[in-house]
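Below: one structure, written as structure tokens.
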Amino acid sequence: MAFPNVSDIIATTIEKRSRKIADNVTKNNALLSRMKQKGKARPFSGGRLIYEELSFAENGNAGFYSGYDLLPVNAQDVLTAAQFDIKQAACPVVISGLEQLQNAGPEQMIDLLTSRVDVAESTMQNLIAGGIYADGTGFGGKEITGLNAAIPNTVTASQTNVYGGIDRTTWAFWRTQSIDPGNYTNMLANMNTLWTRLVRGMDRPDLIVADSLSWATYVGLLSALQRFTATDGSGEAGFGFPTVKFMDADMVLDGGIGGFGAANTMYFLNTKYLHFRPHSARNFVPLSPNKRYSINQDAEVQILAWAGNLTCSGAQFQGRIEFA
């Protein structure tokens, strides 16, 4: 007997696994994993844009006084908000009428659909993980506004482009830091220079993401002194990635097989000011629980969908090195 409600099964399967999918996406990317660990994976519930409130100036009323001195109470314009578009991603899971007939038993049907949902999960994981590094121009401007937009690869671009609706030509506080080109021969000197540029009091990079070559070069420089921190939750790298240290920041590899990081690049990130913002109603869920039929084909489809963006509330604390 054919299983009559195929679309319902697909939707139910995706619905039951939606939390798992979202969790696996964060585990698949060192930056997302760190942001989740620090509570920076924050869903939003609606609105035309995603806003990140931030301060861009000090309160000019602050100062020393004595006795009965009058204290200034002037209005202060010290807050603004960066704004980010809502980006959308989807992966349809499709089954034809013939496949329904060929997989007539309930167990056979579930096995087939489970396999296809598995593929949809891994595809979405890679799509979002890759988008974290994107500049927002891919897919006709529909891709995630990722690190290549937040932290451009040259000082010139960092000082002139518009990011989060704020013009970096006008506002120096919104410019990131970069060393381009860096030099592998002087790697540690380059890293020390960039680190120094990104420190403000207690604010400093806590995560460095490296591609395969820059990671291997740095680990080679450590020689017998290298130490990898634990990945089982017992050490500072308990968010699941083997790491080495630079200063007190974790350095992780996002190269290797299928890595998405830019070649010959290290990102120096302060994850306090980076945020993963999925929509609360569109965080790896079936787009509609209703049946979706092809108008001119014998097929049914269900869509695994996500919406949101990567946002930033402190661009001046982020940097990158491009090694040559």
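Every chain in the structure tokens has a letter given in the order shown (A, B, ...), and although residue numbers restart at 1 in each chain, ligands are simply numbered from 1 in the order shown.
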Review point. Could you name the residues that touch range 29-39 of chain A at 9 Å or less, counting only C-alpha atoms, but leaving out those on the same chain fewer than 5 positions away, as a ChimeraX atom specification?
Key: /A:23-24,125,129-130,132,207,209,239-241,252-254,269,271-272,274-276
For the selection just defined, write its residues with C-alpha atoms to a file, as a compact mmCIF listing (two decimals), in the first residue's frame.
# COMPACT_ATOMS: atom_id res chain seq x y z
CA ASP A 23 22.81 22.89 16.28
CA ASN A 24 24.88 21.04 13.68
CA GLN A 125 25.26 23.39 6.89
CA ALA A 129 29.07 27.96 6.93
CA GLY A 130 30.30 29.26 3.57
CA ILE A 132 29.74 33.24 7.16
CA LEU A 207 39.21 33.85 18.31
CA VAL A 209 40.41 31.69 12.35
CA PHE A 239 33.38 24.56 21.99
CA GLY A 240 34.58 21.61 19.93
CA PHE A 241 37.59 22.62 17.83
CA VAL A 252 41.39 27.35 14.99
CA LEU A 253 41.77 25.83 11.56
CA ASP A 254 38.98 26.45 9.07
CA LEU A 269 37.84 38.24 15.81
CA THR A 271 33.19 37.57 19.13
CA LYS A 272 31.72 39.85 21.80
CA LEU A 274 29.70 39.50 16.34
CA HIS A 275 26.20 38.00 16.26
CA PHE A 276 24.47 35.18 14.42
Practice item. Write out as a ChimeraX atom specification all residues of range 133-324 of chain A that backbone DSSP assigns to strand (DSSP E or B). Key: /A:162-163,166-167,177-182,200,203,207-210,229,243-246,249-253,265-269,274-286,293,299-312,319-323
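Among A:Ala281, A:Ile295, A:Met247, A:Ala149, the residue with the shortest atom-to-atom distance to Gly308 in chain A, counting only C-alpha atoms, is A:Ala281.
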Name the residues in contact with Tyr267 in chain A at a cut-off of 6 Å, using only C-alpha atoms, excluding same-chain residues fewer than 3 positions from it; report them as a PDB file with N, CA and C atoms, in the first residue's frame.
ATOM      1  N   ILE A 208      40.894  33.448  16.628  1.00  0.00           N
ATOM      2  CA  ILE A 208      41.608  33.657  15.367  1.00  0.00           C
ATOM      3  C   ILE A 208      41.299  32.467  14.471  1.00  0.00           C
ATOM      4  N   VAL A 209      40.770  32.741  13.296  1.00  0.00           N
ATOM      5  CA  VAL A 209      40.409  31.689  12.347  1.00  0.00           C
ATOM      6  C   VAL A 209      41.413  31.718  11.204  1.00  0.00           C
ATOM      7  N   GLY A 319      39.774  42.215  12.717  1.00  0.00           N
ATOM      8  CA  GLY A 319      40.871  42.428  11.782  1.00  0.00           C
ATOM      9  C   GLY A 319      41.223  41.162  11.008  1.00  0.00           C
ATOM     10  N   ARG A 320      42.100  41.334  10.033  1.00  0.00           N
ATOM     11  CA  ARG A 320      42.543  40.190   9.239  1.00  0.00           C
ATOM     12  C   ARG A 320      43.940  40.452   8.683  1.00  0.00           C
TER      13      ARG A 320
END
Review point. In range 125-199 of chain A, what's alpha helix (DSSP H) per DSSP? Answer as a PyMOL selection string?
Key: chain A and resi 125-131+138-141+147-150+155-160+187-197
So that I have them on file, write out the residues from the current selection with C-alpha atoms, as a PDB file, in the first residue's frame.
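Generated file (part-v7.pdb):
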ATOM      1  CA  GLN A 125      25.258  23.391   6.893  1.00  0.00           C
ATOM      2  CA  ASN A 126      27.798  24.001   4.156  1.00  0.00           C
ATOM      3  CA  LEU A 127      25.732  26.786   2.610  1.00  0.00           C
ATOM      4  CA  ILE A 128      25.485  28.735   5.879  1.00  0.00           C
ATOM      5  CA  ALA A 129      29.073  27.963   6.930  1.00  0.00           C
ATOM      6  CA  GLY A 130      30.298  29.260   3.573  1.00  0.00           C
ATOM      7  CA  GLY A 131      28.063  32.302   3.864  1.00  0.00           C
ATOM      8  CA  GLY A 138      26.916  36.056  -4.025  1.00  0.00           C
ATOM      9  CA  PHE A 139      23.643  34.713  -5.428  1.00  0.00           C
ATOM     10  CA  GLY A 140      22.879  38.157  -6.838  1.00  0.00           C
ATOM     11  CA  GLY A 141      23.365  39.891  -3.485  1.00  0.00           C
ATOM     12  CA  LEU A 147      33.291  38.240   7.252  1.00  0.00           C
ATOM     13  CA  ASN A 148      34.508  39.399   3.842  1.00  0.00           C
ATOM     14  CA  ALA A 149      32.038  42.276   4.126  1.00  0.00           C
ATOM     15  CA  ALA A 150      32.596  42.900   7.828  1.00  0.00           C
ATOM     16  CA  VAL A 155      42.962  48.835   4.384  1.00  0.00           C
ATOM     17  CA  THR A 156      41.560  50.996   1.585  1.00  0.00           C
ATOM     18  CA  ALA A 157      38.356  49.002   1.306  1.00  0.00           C
ATOM     19  CA  SER A 158      37.998  48.904   5.069  1.00  0.00           C
ATOM     20  CA  GLN A 159      38.079  52.689   5.167  1.00  0.00           C
ATOM     21  CA  THR A 160      35.697  53.399   2.305  1.00  0.00           C
ATOM     22  CA  MET A 187      54.387  36.110  10.564  1.00  0.00           C
ATOM     23  CA  LEU A 188      54.706  36.652  14.301  1.00  0.00           C
ATOM     24  CA  ALA A 189      55.580  40.328  13.840  1.00  0.00           C
ATOM     25  CA  ASN A 190      52.514  40.797  11.620  1.00  0.00           C
ATOM     26  CA  MET A 191      50.305  39.023  14.154  1.00  0.00           C
ATOM     27  CA  ASN A 192      51.668  41.091  17.029  1.00  0.00           C
ATOM     28  CA  THR A 193      51.068  44.305  15.081  1.00  0.00           C
ATOM     29  CA  LEU A 194      47.470  43.449  14.251  1.00  0.00           C
ATOM     30  CA  TRP A 195      46.764  42.251  17.794  1.00  0.00           C
ATOM     31  CA  THR A 196      47.993  45.554  19.199  1.00  0.00           C
ATOM     32  CA  ARG A 197      45.709  47.508  16.870  1.00  0.00           C
TER      33      ARG A 197
END
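The space separating CA of Asp211 in chain A from CA of Met251 in chain A comes to 10.5 Å.
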